[in-house]
file upload34.cif (mmCIF, C-alpha atoms (C1' of nucleotides))
data_my_file
#
loop_
_atom_site.label_atom_id
_atom_site.label_comp_id
_atom_site.auth_asym_id
_atom_site.auth_seq_id
_atom_site.Cartn_x
_atom_site.Cartn_y
_atom_site.Cartn_z
CA MET A 1 25.11 -39.02 -16.62
CA SER A 2 23.79 -36.03 -14.71
CA SER A 3 22.59 -34.07 -17.72
CA SER A 4 20.20 -36.78 -18.85
CA LEU A 5 18.82 -37.03 -15.33
CA PHE A 6 18.18 -33.29 -15.35
CA LEU A 7 16.42 -33.69 -18.68
CA LYS A 8 14.33 -36.56 -17.44
CA ILE A 9 13.19 -34.69 -14.35
CA SER A 10 12.65 -31.47 -16.30
CA GLU A 11 10.45 -33.24 -18.78
CA LYS A 12 8.41 -34.82 -16.03
CA LEU A 13 7.90 -31.51 -14.23
CA PHE A 14 7.27 -29.47 -17.39
CA PHE A 15 4.67 -31.89 -18.67
CA LYS A 16 2.93 -31.97 -15.34
CA PHE A 17 3.02 -28.31 -14.26
CA GLY A 18 3.90 -26.39 -17.42
CA TYR A 19 6.97 -24.23 -18.00
CA ARG A 20 6.57 -21.17 -15.82
CA ARG A 21 5.50 -23.00 -12.68
CA VAL A 22 8.68 -25.08 -12.64
CA THR A 23 11.82 -23.49 -11.20
CA ILE A 24 15.42 -24.57 -11.62
CA LYS A 25 15.35 -25.28 -7.91
CA ASP A 26 12.49 -27.75 -8.45
CA ILE A 27 14.44 -29.49 -11.17
CA CYS A 28 17.58 -29.71 -9.01
CA GLU A 29 15.66 -31.01 -6.02
CA GLY A 30 13.92 -33.55 -8.22
CA ALA A 31 17.29 -34.74 -9.47
CA SER A 32 18.87 -34.49 -6.00
CA LEU A 33 21.65 -32.38 -7.46
CA SER A 34 22.85 -28.85 -6.84
CA LYS A 35 22.03 -25.78 -8.84
CA MET A 36 25.65 -25.22 -9.82
CA THR A 37 25.68 -28.68 -11.33
CA PHE A 38 22.65 -27.72 -13.32
CA TYR A 39 24.45 -24.66 -14.67
CA ARG A 40 27.41 -26.78 -15.66
CA TYR A 41 25.22 -28.55 -18.22
CA PHE A 42 22.67 -25.91 -19.18
CA LYS A 43 22.65 -22.18 -19.75
CA ASN A 44 19.24 -21.72 -18.18
CA LYS A 45 15.74 -23.12 -17.89
CA GLU A 46 14.95 -22.04 -21.42
CA GLU A 47 17.71 -24.20 -22.82
CA VAL A 48 16.51 -27.27 -20.96
CA ALA A 49 13.00 -26.69 -22.18
CA LYS A 50 14.26 -26.33 -25.73
CA ILE A 51 16.02 -29.69 -25.50
CA VAL A 52 12.99 -31.34 -23.94
CA LEU A 53 10.82 -29.93 -26.71
CA LYS A 54 13.30 -30.94 -29.39
CA ASN A 55 13.43 -34.49 -28.04
CA ILE A 56 9.70 -34.90 -28.03
CA ILE A 57 9.46 -33.50 -31.54
CA ASP A 58 12.15 -35.84 -32.87
CA GLU A 59 10.58 -38.79 -31.14
CA SER A 60 7.13 -38.04 -32.51
CA ASN A 61 8.52 -37.52 -36.01
CA LYS A 62 10.16 -40.93 -35.89
CA LYS A 63 6.89 -42.53 -34.83
CA PHE A 64 5.04 -40.59 -37.53
CA GLU A 65 7.40 -41.84 -40.25
CA SER A 66 7.30 -45.41 -39.03
CA ILE A 67 3.50 -45.35 -39.14
CA MET A 68 3.39 -43.93 -42.64
CA GLU A 69 6.13 -46.24 -43.95
CA SER A 70 4.44 -49.36 -42.58
CA ASP A 71 2.56 -51.55 -45.02
CA ASN A 72 -0.80 -51.21 -43.32
CA LEU A 73 -3.91 -50.11 -45.17
CA PHE A 74 -4.17 -46.36 -45.52
CA ILE A 75 -7.12 -46.26 -43.12
CA ASN A 76 -5.03 -47.93 -40.44
CA LYS A 77 -2.22 -45.48 -40.95
CA ILE A 78 -4.65 -42.61 -40.46
CA GLU A 79 -6.01 -44.27 -37.37
CA ASN A 80 -2.53 -44.72 -35.92
CA LEU A 81 -1.73 -41.12 -36.76
CA ILE A 82 -4.72 -39.89 -34.83
CA LEU A 83 -3.82 -42.22 -31.96
CA LEU A 84 -0.26 -40.91 -31.93
CA ASN A 85 -1.47 -37.34 -31.84
CA GLU A 86 -3.84 -38.09 -28.99
CA SER A 87 -1.26 -39.85 -26.84
CA LEU A 88 1.17 -36.98 -27.39
CA ILE A 89 -1.38 -34.43 -26.19
CA ASP A 90 -2.09 -36.67 -23.22
CA ARG A 91 1.56 -36.94 -22.30
CA ILE A 92 2.70 -33.37 -22.81
CA GLY A 93 -0.40 -31.74 -21.39
CA SER A 94 -1.57 -28.33 -22.49
CA ASP A 95 0.21 -26.25 -19.82
CA PHE A 96 3.72 -26.75 -21.13
CA LEU A 97 2.85 -25.78 -24.68
CA ASN A 98 0.66 -22.87 -23.63
CA ASP A 99 3.38 -21.51 -21.36
CA ILE A 100 6.21 -21.61 -23.85
CA ILE A 101 4.13 -20.26 -26.71
CA SER A 102 3.04 -17.25 -24.70
CA LEU A 103 6.60 -16.28 -23.76
CA LYS A 104 7.92 -12.96 -25.10
CA ALA A 105 11.01 -14.61 -26.56
CA ASN A 106 9.57 -16.51 -29.50
CA ILE A 107 12.29 -19.11 -29.75
CA PHE A 108 9.82 -21.81 -28.83
CA LYS A 109 7.13 -20.51 -31.09
CA SER A 110 9.45 -20.69 -34.08
CA LEU A 111 10.47 -24.24 -33.15
CA ILE A 112 6.85 -25.30 -32.96
CA ASP A 113 5.90 -23.47 -36.13
CA LYS A 114 8.81 -25.13 -37.92
CA GLN A 115 7.59 -28.51 -36.73
CA SER A 116 4.02 -27.80 -37.81
CA ILE A 117 5.22 -26.86 -41.27
CA TYR A 118 7.41 -29.96 -41.46
CA GLU A 119 4.55 -32.16 -40.35
CA GLU A 120 2.13 -30.63 -42.82
CA ARG A 121 4.59 -31.16 -45.67
CA LYS A 122 5.10 -34.78 -44.66
CA ILE A 123 1.39 -35.40 -44.47
CA GLU A 124 0.93 -33.80 -47.86
CA GLU A 125 3.69 -35.99 -49.25
CA TYR A 126 2.14 -39.19 -47.91
CA PHE A 127 -1.33 -38.21 -49.04
CA LYS A 128 -0.03 -37.56 -52.53
CA LYS A 129 1.54 -41.01 -52.55
CA ALA A 130 -1.73 -42.53 -51.42
CA GLN A 131 -3.57 -40.63 -54.11
CA LYS A 132 -1.20 -41.92 -56.77
CA ALA A 133 -1.65 -45.45 -55.46
CA GLY A 134 -5.40 -45.08 -55.85
CA GLU A 135 -6.12 -45.06 -52.16
CA LEU A 136 -7.66 -41.59 -52.35
CA ASN A 137 -9.96 -39.89 -54.83
CA LYS A 138 -7.75 -38.40 -57.54
CA LYS A 139 -9.92 -35.41 -58.39
CA THR A 140 -9.99 -33.92 -54.87
CA PRO A 141 -7.22 -31.53 -53.84
CA ILE A 142 -4.90 -32.85 -51.12
CA SER A 143 -5.48 -29.74 -49.03
CA PHE A 144 -9.10 -30.77 -48.64
CA PHE A 145 -8.11 -34.13 -47.13
CA ILE A 146 -5.73 -32.39 -44.76
CA TYR A 147 -8.29 -29.80 -43.76
CA MET A 148 -10.75 -32.54 -42.98
CA LEU A 149 -8.17 -34.57 -41.07
CA LYS A 150 -7.59 -31.59 -38.78
CA ASP A 151 -11.32 -31.20 -38.43
CA ILE A 152 -11.62 -34.84 -37.37
CA GLN A 153 -8.82 -34.41 -34.82
CA GLU A 154 -10.62 -31.42 -33.34
CA LYS A 155 -13.84 -33.38 -33.13
CA LEU A 156 -12.02 -35.96 -31.02
CA GLN A 157 -11.67 -33.26 -28.34
CA ASP A 158 -15.31 -32.15 -28.66
CA GLU A 159 -17.04 -32.59 -25.30
CA LYS A 160 -20.48 -33.05 -26.82
CA LEU A 161 -19.28 -35.85 -29.05
CA LYS A 162 -17.30 -37.47 -26.25
CA ARG A 163 -20.43 -37.63 -24.12
CA LEU A 164 -22.08 -39.82 -26.76
CA TYR A 165 -19.49 -42.52 -26.11
CA SER A 166 -18.56 -44.32 -22.92
CA ASN A 167 -15.20 -45.14 -24.45
CA GLU A 168 -13.05 -42.59 -26.23
CA LYS A 169 -11.45 -45.21 -28.44
CA ASP A 170 -14.85 -46.07 -29.92
CA LEU A 171 -15.40 -42.45 -30.88
CA MET A 172 -12.02 -42.48 -32.54
CA LYS A 173 -12.82 -45.61 -34.53
CA ASP A 174 -16.10 -44.12 -35.72
CA LEU A 175 -14.47 -40.84 -36.64
CA THR A 176 -11.71 -42.57 -38.58
CA ASN A 177 -14.21 -44.73 -40.43
CA TYR A 178 -16.31 -41.68 -41.15
CA TYR A 179 -13.29 -39.82 -42.45
CA PHE A 180 -11.95 -42.63 -44.56
CA PHE A 181 -15.10 -43.95 -46.17
CA GLY A 182 -16.03 -40.43 -47.09
CA ILE A 183 -12.83 -39.99 -49.02
CA ALA A 184 -12.26 -43.50 -50.38
CA PRO A 185 -12.59 -43.88 -54.13
CA LYS A 186 -14.52 -47.13 -53.76
CA ASN A 187 -15.91 -49.19 -50.90
CA LYS A 188 -13.53 -51.78 -49.53
CA GLU A 189 -14.31 -54.45 -46.99
CA MET A 190 -14.61 -53.40 -43.33
CA MET B 1 -21.00 -13.97 -6.16
CA SER B 2 -17.34 -13.22 -6.78
CA SER B 3 -16.00 -14.96 -3.69
CA SER B 4 -17.39 -18.34 -4.67
CA LEU B 5 -15.90 -17.95 -8.13
CA PHE B 6 -12.52 -17.26 -6.54
CA LEU B 7 -12.95 -20.38 -4.44
CA LYS B 8 -13.95 -22.49 -7.42
CA ILE B 9 -10.94 -21.39 -9.46
CA SER B 10 -8.60 -21.69 -6.48
CA GLU B 11 -9.72 -25.23 -5.85
CA LYS B 12 -9.22 -26.15 -9.46
CA LEU B 13 -5.72 -24.67 -9.58
CA PHE B 14 -4.66 -26.00 -6.16
CA PHE B 15 -5.78 -29.53 -6.96
CA LYS B 16 -4.01 -29.45 -10.30
CA PHE B 17 -0.74 -27.69 -9.45
CA GLY B 18 -0.50 -27.80 -5.65
CA TYR B 19 -0.39 -24.84 -3.29
CA ARG B 20 2.98 -23.18 -3.79
CA ARG B 21 2.91 -23.19 -7.59
CA VAL B 22 -0.34 -21.22 -7.69
CA THR B 23 -0.15 -17.44 -7.25
CA ILE B 24 -2.91 -15.00 -6.38
CA LYS B 25 -2.35 -13.58 -9.84
CA ASP B 26 -3.15 -16.99 -11.34
CA ILE B 27 -6.34 -17.20 -9.34
CA CYS B 28 -7.40 -13.68 -10.35
CA GLU B 29 -6.66 -14.32 -14.00
CA GLY B 30 -8.54 -17.59 -13.84
CA ALA B 31 -11.54 -15.79 -12.40
CA SER B 32 -11.10 -12.78 -14.73
CA LEU B 33 -11.16 -10.47 -11.72
CA SER B 34 -8.66 -8.05 -10.29
CA LYS B 35 -6.33 -8.63 -7.40
CA MET B 36 -7.96 -5.94 -5.28
CA THR B 37 -11.24 -7.74 -5.64
CA PHE B 38 -9.53 -10.84 -4.38
CA TYR B 39 -8.28 -8.97 -1.32
CA ARG B 40 -11.76 -7.69 -0.65
CA TYR B 41 -12.85 -11.23 0.07
CA PHE B 42 -9.72 -12.94 1.36
CA LYS B 43 -6.81 -12.00 3.56
CA ASN B 44 -4.30 -13.97 1.49
CA LYS B 45 -3.67 -17.19 -0.37
CA GLU B 46 -3.43 -19.12 2.87
CA GLU B 47 -6.96 -18.17 3.83
CA VAL B 48 -8.37 -19.30 0.48
CA ALA B 49 -6.53 -22.58 0.79
CA LYS B 50 -7.89 -23.06 4.28
CA ILE B 51 -11.44 -22.59 3.04
CA VAL B 52 -10.87 -24.90 0.10
CA LEU B 53 -9.48 -27.53 2.44
CA LYS B 54 -12.30 -27.04 4.92
CA ASN B 55 -14.90 -27.44 2.18
CA ILE B 56 -13.41 -30.66 0.92
CA ILE B 57 -13.18 -32.03 4.45
CA ASP B 58 -16.80 -31.18 5.23
CA GLU B 59 -17.96 -32.62 1.96
CA SER B 60 -16.06 -35.85 2.49
CA ASN B 61 -17.35 -36.16 6.05
CA LYS B 62 -20.91 -35.86 4.82
CA LYS B 63 -20.33 -38.59 2.27
CA PHE B 64 -18.64 -40.73 4.90
CA GLU B 65 -21.61 -40.43 7.25
CA SER B 66 -24.13 -41.12 4.54
CA ILE B 67 -22.28 -44.28 3.59
CA MET B 68 -22.09 -45.54 7.16
CA GLU B 69 -25.70 -44.61 7.95
CA SER B 70 -27.03 -46.37 4.86
CA ASP B 71 -28.67 -49.77 5.32
CA ASN B 72 -26.24 -51.65 3.11
CA LEU B 73 -24.39 -54.71 4.28
CA PHE B 74 -21.27 -53.90 6.25
CA ILE B 75 -19.05 -55.20 3.45
CA ASN B 76 -20.64 -52.78 1.01
CA LYS B 77 -20.14 -49.91 3.40
CA ILE B 78 -16.45 -50.74 3.64
CA GLU B 79 -16.25 -50.99 -0.10
CA ASN B 80 -17.88 -47.59 -0.54
CA LEU B 81 -15.57 -46.15 2.08
CA ILE B 82 -12.52 -47.33 0.18
CA LEU B 83 -14.02 -46.03 -3.04
CA LEU B 84 -14.68 -42.64 -1.44
CA ASN B 85 -11.13 -42.46 -0.21
CA GLU B 86 -9.75 -43.33 -3.61
CA SER B 87 -11.83 -40.78 -5.50
CA LEU B 88 -10.81 -38.09 -3.00
CA ILE B 89 -7.12 -38.82 -3.54
CA ASP B 90 -7.75 -38.76 -7.28
CA ARG B 91 -9.49 -35.42 -7.14
CA ILE B 92 -7.24 -33.54 -4.73
CA GLY B 93 -3.97 -34.91 -6.04
CA SER B 94 -0.91 -35.29 -3.87
CA ASP B 95 0.71 -31.92 -4.65
CA PHE B 96 -1.78 -29.78 -2.77
CA LEU B 97 -1.61 -31.84 0.40
CA ASN B 98 2.17 -32.23 0.25
CA ASP B 99 2.62 -28.50 -0.23
CA ILE B 100 0.44 -27.34 2.62
CA ILE B 101 1.72 -29.96 5.04
CA SER B 102 5.33 -28.97 4.44
CA LEU B 103 4.68 -25.28 5.14
CA LYS B 104 6.40 -23.72 8.16
CA ALA B 105 3.12 -22.39 9.51
CA ASN B 106 1.38 -25.54 10.67
CA ILE B 107 -2.16 -24.22 10.43
CA PHE B 108 -2.94 -26.69 7.71
CA LYS B 109 -1.24 -29.56 9.44
CA SER B 110 -3.38 -29.09 12.54
CA LEU B 111 -6.52 -28.96 10.40
CA ILE B 112 -5.58 -32.20 8.71
CA ASP B 113 -4.55 -33.86 11.96
CA LYS B 114 -7.84 -32.82 13.50
CA GLN B 115 -9.68 -34.35 10.57
CA SER B 116 -7.68 -37.59 10.80
CA ILE B 117 -8.52 -37.90 14.47
CA TYR B 118 -12.18 -37.17 13.81
CA GLU B 119 -12.28 -39.73 11.04
CA GLU B 120 -10.58 -42.37 13.15
CA ARG B 121 -13.03 -41.84 15.98
CA LYS B 122 -15.96 -42.10 13.60
CA ILE B 123 -14.62 -45.30 12.08
CA GLU B 124 -14.09 -46.72 15.54
CA GLU B 125 -17.64 -45.79 16.47
CA TYR B 126 -19.12 -47.47 13.41
CA PHE B 127 -16.96 -50.55 13.82
CA LYS B 128 -18.09 -50.88 17.42
CA LYS B 129 -21.69 -50.70 16.29
CA ALA B 130 -21.03 -53.36 13.68
CA GLN B 131 -19.36 -55.51 16.30
CA LYS B 132 -22.34 -55.22 18.60
CA ALA B 133 -24.66 -56.11 15.72
CA GLY B 134 -22.65 -59.28 15.15
CA GLU B 135 -21.19 -58.14 11.85
CA LEU B 136 -17.65 -58.39 13.20
CA ASN B 137 -15.85 -60.87 15.41
CA LYS B 138 -16.49 -59.83 19.03
CA LYS B 139 -13.22 -61.04 20.50
CA THR B 140 -10.95 -59.02 18.22
CA PRO B 141 -10.01 -55.47 19.28
CA ILE B 142 -11.43 -52.73 17.04
CA SER B 143 -7.97 -51.25 16.59
CA PHE B 144 -6.96 -54.40 14.75
CA PHE B 145 -9.75 -53.96 12.22
CA ILE B 146 -8.78 -50.34 11.72
CA TYR B 147 -5.11 -51.17 11.35
CA MET B 148 -5.95 -53.73 8.71
CA LEU B 149 -8.31 -51.36 6.91
CA LYS B 150 -5.47 -48.87 6.55
CA ASP B 151 -3.23 -51.69 5.37
CA ILE B 152 -5.77 -52.59 2.69
CA GLN B 153 -6.04 -48.97 1.57
CA GLU B 154 -2.27 -48.81 1.23
CA LYS B 155 -2.25 -52.00 -0.81
CA LEU B 156 -4.64 -50.35 -3.23
CA GLN B 157 -1.79 -47.96 -4.13
CA ASP B 158 0.79 -50.77 -4.38
CA GLU B 159 2.26 -50.77 -7.88
CA LYS B 160 3.10 -54.47 -7.83
CA LEU B 161 -0.46 -55.42 -6.94
CA LYS B 162 -1.91 -52.99 -9.46
CA ARG B 163 0.09 -54.65 -12.20
CA LEU B 164 -1.70 -57.93 -11.51
CA TYR B 165 -5.00 -56.34 -12.57
CA SER B 166 -5.97 -54.66 -15.80
CA ASN B 167 -8.73 -52.85 -13.97
CA GLU B 168 -8.19 -51.09 -10.66
CA LYS B 169 -11.76 -51.62 -9.58
CA ASP B 170 -11.26 -55.39 -9.71
CA LEU B 171 -8.31 -55.15 -7.38
CA MET B 172 -10.46 -53.12 -5.02
CA LYS B 173 -13.23 -55.69 -5.06
CA ASP B 174 -10.77 -58.48 -4.33
CA LEU B 175 -9.12 -56.53 -1.55
CA THR B 176 -12.44 -55.69 0.07
CA ASN B 177 -13.56 -59.28 -0.12
CA TYR B 178 -10.26 -60.38 1.30
CA TYR B 179 -10.56 -57.90 4.13
CA PHE B 180 -14.14 -58.68 4.95
CA PHE B 181 -14.18 -62.43 4.76
CA GLY B 182 -11.12 -62.49 6.90
CA ILE B 183 -12.88 -60.65 9.68
CA ALA B 184 -16.45 -61.91 9.31
CA PRO B 185 -17.74 -64.09 12.18
CA LYS B 186 -19.40 -66.48 9.74
CA ASN B 187 -19.59 -66.92 5.97
CA LYS B 188 -22.49 -65.08 4.39
CA GLU B 189 -23.61 -65.35 0.80
CA MET B 190 -21.48 -63.58 -1.84
"C1'" DT C 1 -32.15 11.89 -8.78
"C1'" DA C 2 -28.89 12.62 -5.19
"C1'" DA C 3 -26.58 10.32 -1.54
"C1'" DT C 4 -24.53 6.18 -0.13
"C1'" DA C 5 -22.87 1.64 -0.32
"C1'" DT C 6 -20.79 -1.80 -3.04
"C1'" DT C 7 -17.74 -3.56 -6.23
"C1'" DG C 8 -14.13 -2.86 -9.17
"C1'" DT C 9 -9.54 -0.88 -11.47
"C1'" DT C 10 -4.89 1.09 -11.89
"C1'" DA C 11 -0.65 2.06 -10.33
"C1'" DC C 12 2.60 1.58 -7.01
"C1'" DT C 13 5.99 -0.04 -3.08
"C1'" DA C 14 7.59 -3.55 -0.12
"C1'" DT C 15 8.69 -8.21 0.18
"C1'" DA C 16 9.90 -12.72 -1.29
"C1'" DT C 17 11.61 -15.75 -4.64
"C1'" DT C 18 14.54 -17.08 -8.21
"C1'" DT C 19 18.42 -16.66 -10.95
"C1'" DG C 20 22.98 -16.94 -11.96
"C1'" DT C 21 27.93 -16.76 -10.15
"C1'" DA C 22 32.23 -16.60 -7.30
"C1'" DA C 23 34.82 -18.83 -4.06
"C1'" DT C 24 35.60 -23.22 -2.21
"C1'" DA C 25 35.32 -28.21 -1.37
"C1'" DT C 26 35.06 -33.01 -2.75
"C1'" DT C 27 35.51 -36.86 -5.73
"C1'" DT C 28 37.53 -39.41 -9.56
"C1'" DA C 29 40.92 -41.29 -12.38
"C1'" DA C 30 45.61 -41.38 -14.44
"C1'" DT D 1 49.51 -37.40 -5.51
"C1'" DT D 2 48.07 -34.42 -8.60
"C1'" DA D 3 45.11 -32.63 -12.09
"C1'" DA D 4 40.68 -32.62 -13.95
"C1'" DA D 5 36.02 -33.09 -13.27
"C1'" DT D 6 32.22 -32.59 -10.47
"C1'" DA D 7 29.73 -30.73 -6.67
"C1'" DT D 8 28.50 -27.41 -2.60
"C1'" DT D 9 27.69 -23.13 -0.09
"C1'" DA D 10 26.81 -18.57 0.19
"C1'" DC D 11 25.60 -14.53 -1.90
"C1'" DA D 12 24.35 -10.28 -5.15
"C1'" DA D 13 21.36 -9.09 -8.91
"C1'" DA D 14 17.22 -9.67 -11.34
"C1'" DT D 15 12.55 -10.83 -11.34
"C1'" DA D 16 8.07 -11.94 -9.69
"C1'" DT D 17 4.57 -11.61 -6.26
"C1'" DA D 18 2.11 -9.70 -2.47
"C1'" DG D 19 -0.37 -6.39 -0.60
"C1'" DT D 20 -2.20 -1.35 -0.45
"C1'" DA D 21 -3.61 3.47 -1.48
"C1'" DA D 22 -6.04 6.38 -4.22
"C1'" DC D 23 -9.44 6.51 -7.35
"C1'" DA D 24 -13.55 5.01 -10.75
"C1'" DA D 25 -17.70 2.78 -11.95
"C1'" DT D 26 -21.93 0.70 -10.80
"C1'" DA D 27 -25.76 -0.51 -8.04
"C1'" DT D 28 -28.96 0.56 -4.14
"C1'" DT D 29 -32.15 3.10 -1.78
"C1'" DA D 30 -34.17 7.28 0.37
#

call {"tool": "encode", "arguments": {"input": "upload34.cif", "output": "structure tokens"}}
result
Amino acid sequence: MSSSLFLKISEKLFFKFGYRRVTIKDICEGASLSKMTFYRYFKNKEEVAKIVLKNIIDESNKKFESIMESDNLFINKIENLILLNESLIDRIGSDFLNDIISLKANIFKSLIDKQSIYEERKIEEYFKKAQKAGELNKKTPISFFIYMLKDIQEKLQDEKLKRLYSNEKDLMKDLTNYYFFGIAPKNKEM
Amino acid sequence: MSSSLFLKISEKLFFKFGYRRVTIKDICEGASLSKMTFYRYFKNKEEVAKIVLKNIIDESNKKFESIMESDNLFINKIENLILLNESLIDRIGSDFLNDIISLKANIFKSLIDKQSIYEERKIEEYFKKAQKAGELNKKTPISFFIYMLKDIQEKLQDEKLKRLYSNEKDLMKDLTNYYFFGIAPKNKEM
DNA sequence: TAATATTGTTACTATATTTGTAATATTTAA
DNA sequence: TTAAATATTACAAATATAGTAACAATATTA
């Protein structure tokens, strides 16, 4: 099917070069198909980008749910969550997101905002569950855990911290341990 | 100095996105300077790209010479040469070179061709020296060694081969050993 | 400090690229 | 073989980019 080929190529180009640097011509040449064929399936570049974005959001939500619904320890879920986030950033690259967010038409912005809100709600939901199950301190407000989780994720990008480790995965392990054993109600085995 | 900032930003953008996807506007915004200031220092984008290309060529030639003039064993020189080549490809990326080679105006092409010829001559020169010093089989024509060196460098990009190794450096070591002990006049110590 | 050189900005036109479409051709499948 | 689906070419309209003129600010030096 031509339309899925267009999507595949578009995604590849968008993630590599960002949105504005990729033209419809580039996408068509990448797919070895004509422009008119492109317009048979899509209204314009914006529509393709919206689908690409939607796909990646759906995909990441599925992964998110499957991590949180697994029967791992809570600490492992958090670790997998951070890993998921990292690999997403790696794959999408910053240019695509920066480009579409800074467009006048804020169709993308609203999509992303919607996703952020959805994700935050889901995280809150799962943290509440964990709190009920005694996996988190019951007296601390959930919003604190979430605030600190974001803080930890930012620290994973911190150049100074990265330089302390030869391996980024080790930094992640230490950060997750730091995060979890600071919020755990009692000490469990490593 | 503004001009070196322009060059620095240009290089960064060219290596990341290629030549055609980068506009003078991008370069100016990256350097936080106006377009007119750009035109004070450079005639156009082509000129900047030429300088960027020239700089990288000069730099790589210096490194090449310093490797070949070092007093390492010949096998280590070859290994360093392959390493140098690989890190260059990594840094420049394929988009920049592809873009400027496929331009109508073949100013870039001639620069690159010139460099290839220069490099080939230099390699020939150093291989002849090594042959004289008994580090290479005297009966084999130099062109054979060079042909095989290129073959080895291509194999380093071979996806099938890469898949056999978890670490790319290990593949390189094996390939270099393979190359060298195939052409050595007698077995030396590992 | 006044004159001059240097570096920078804004605002604009010319040019080039990209978009999106109409008219037309080719392929597929019943 | 004919109709429907799919693709191509060639082009006008919209948009983005390149390059410049006229002017402003800042630094240099006599």

call {"tool": "atom_distance", "arguments": {"input": "upload34.cif", "atom1": "C1' of DG8 in chain C", "atom2": "CA of Thr37 in chain B"}}
result
6.7 Å

call {"tool": "closest_atom_pairs", "arguments": {"input": "upload34.cif", "of": "chain A", "to": "chain C", "cutoff": "9 Å", "atoms": "all atoms listed in the file", "output": "Markdown table"}}
result
| residue | atom | partner | partner_atom | distance |
| --- | --- | --- | --- | --- |
| A:Thr23 | CA | C:DT18 | C1' | 7.6 |
| A:Ile24 | CA | C:DT18 | C1' | 8.3 |
| A:Lys25 | CA | C:DT18 | C1' | 8.2 |
| A:Met36 | CA | C:DT21 | C1' | 8.8 |
| A:Tyr39 | CA | C:DG20 | C1' | 8.3 |
| A:Asn44 | CA | C:DG20 | C1' | 8.7 |

call {"tool": "interface_residues", "arguments": {"input": "upload34.cif", "of": "chain A", "to": "chain D", "cutoff": "12 Å", "atoms": "all atoms listed in the file", "output": "ChimeraX atom specification"}}
result
/A:1-2,20-21,32-41

call {"tool": "atom_distance", "arguments": {"input": "upload34.cif", "atom1": "CA of Gly18 in chain B", "atom2": "CA of Asp90 in chain A"}}
result
19.7 Å

call {"tool": "atom_distance", "arguments": {"input": "upload34.cif", "atom1": "CA of Leu7 in chain B", "atom2": "CA of Asp95 in chain B"}}
result
17.9 Å

call {"tool": "resolve_selection", "arguments": {"input": "upload34.cif", "expression": "the PyMOL selection byres ((chain B) within 9 of (chain A))", "output": "PDB file with C-alpha atoms, keeping the file's coordinate frame"}}
result
ATOM      1  CA  LYS B  16      -4.010 -29.450 -10.300  1.00  0.00           C
ATOM      2  CA  PHE B  17      -0.740 -27.690  -9.450  1.00  0.00           C
ATOM      3  CA  ARG B  21       2.910 -23.190  -7.590  1.00  0.00           C
ATOM      4  CA  VAL B  22      -0.340 -21.220  -7.690  1.00  0.00           C
TER       5      VAL B  22
END

call {"tool": "residues_near_point", "arguments": {"input": "upload34.cif", "point": "(7.0, -33.3, -0.1)", "cutoff": "12 Å", "atoms": "all atoms listed in the file", "output": "number ranges by chain"}}
result
A: 26, 29-30; B: 18-20, 94-103

call {"tool": "residues_near_point", "arguments": {"input": "upload34.cif", "point": "(-4.4, -34.5, 7.5)", "cutoff": "12 Å", "atoms": "all atoms listed in the file", "output": "PyMOL selection string"}}
result
chain B and resi 53-54+56-57+94+96-98+100-102+106-120

call {"tool": "write_last_selection", "arguments": {"input": "upload34.cif", "atoms": "C-alpha atoms", "output": "mmCIF file, in the coordinates of the input"}}
result
data_model
loop_
_atom_site.group_PDB
_atom_site.id
_atom_site.type_symbol
_atom_site.label_atom_id
_atom_site.label_comp_id
_atom_site.auth_asym_id
_atom_site.auth_seq_id
_atom_site.Cartn_x
_atom_site.Cartn_y
_atom_site.Cartn_z
ATOM 1 C CA LEU B 53 -9.480 -27.530 2.440
ATOM 2 C CA LYS B 54 -12.300 -27.040 4.920
ATOM 3 C CA ILE B 56 -13.410 -30.660 0.920
ATOM 4 C CA ILE B 57 -13.180 -32.030 4.450
ATOM 5 C CA SER B 94 -0.910 -35.290 -3.870
ATOM 6 C CA PHE B 96 -1.780 -29.780 -2.770
ATOM 7 C CA LEU B 97 -1.610 -31.840 0.400
ATOM 8 C CA ASN B 98 2.170 -32.230 0.250
ATOM 9 C CA ILE B 100 0.440 -27.340 2.620
ATOM 10 C CA ILE B 101 1.720 -29.960 5.040
ATOM 11 C CA SER B 102 5.330 -28.970 4.440
ATOM 12 C CA ASN B 106 1.380 -25.540 10.670
ATOM 13 C CA ILE B 107 -2.160 -24.220 10.430
ATOM 14 C CA PHE B 108 -2.940 -26.690 7.710
ATOM 15 C CA LYS B 109 -1.240 -29.560 9.440
ATOM 16 C CA SER B 110 -3.380 -29.090 12.540
ATOM 17 C CA LEU B 111 -6.520 -28.960 10.400
ATOM 18 C CA ILE B 112 -5.580 -32.200 8.710
ATOM 19 C CA ASP B 113 -4.550 -33.860 11.960
ATOM 20 C CA LYS B 114 -7.840 -32.820 13.500
ATOM 21 C CA GLN B 115 -9.680 -34.350 10.570
ATOM 22 C CA SER B 116 -7.680 -37.590 10.800
ATOM 23 C CA ILE B 117 -8.520 -37.900 14.470
ATOM 24 C CA TYR B 118 -12.180 -37.170 13.810
ATOM 25 C CA GLU B 119 -12.280 -39.730 11.040
ATOM 26 C CA GLU B 120 -10.580 -42.370 13.150
#

call {"tool": "resolve_selection", "arguments": {"input": "upload34.cif", "expression": "the PyMOL selection byres ((chain B and resi 6) around 8)", "output": "PyMOL selection string"}}
result
chain B and resi 2-5+7-10+27-28+31+38

call {"tool": "resolve_selection", "arguments": {"input": "upload34.cif", "expression": "the PyMOL selection byres ((chain A and resi 60) around 12)", "output": "list in words"}}
result
Leu53, Lys54, Asn55, Ile56, Ile57, Asp58, Glu59, Asn61, Lys62, Lys63, Phe64, Glu65, Ser66, Ile67, Leu81, Leu83, Leu84, Asn85, Glu86, Ser87, Leu88, Ile89, Arg91, Ile92, Gln115, Ser116 and Glu119 of chain A
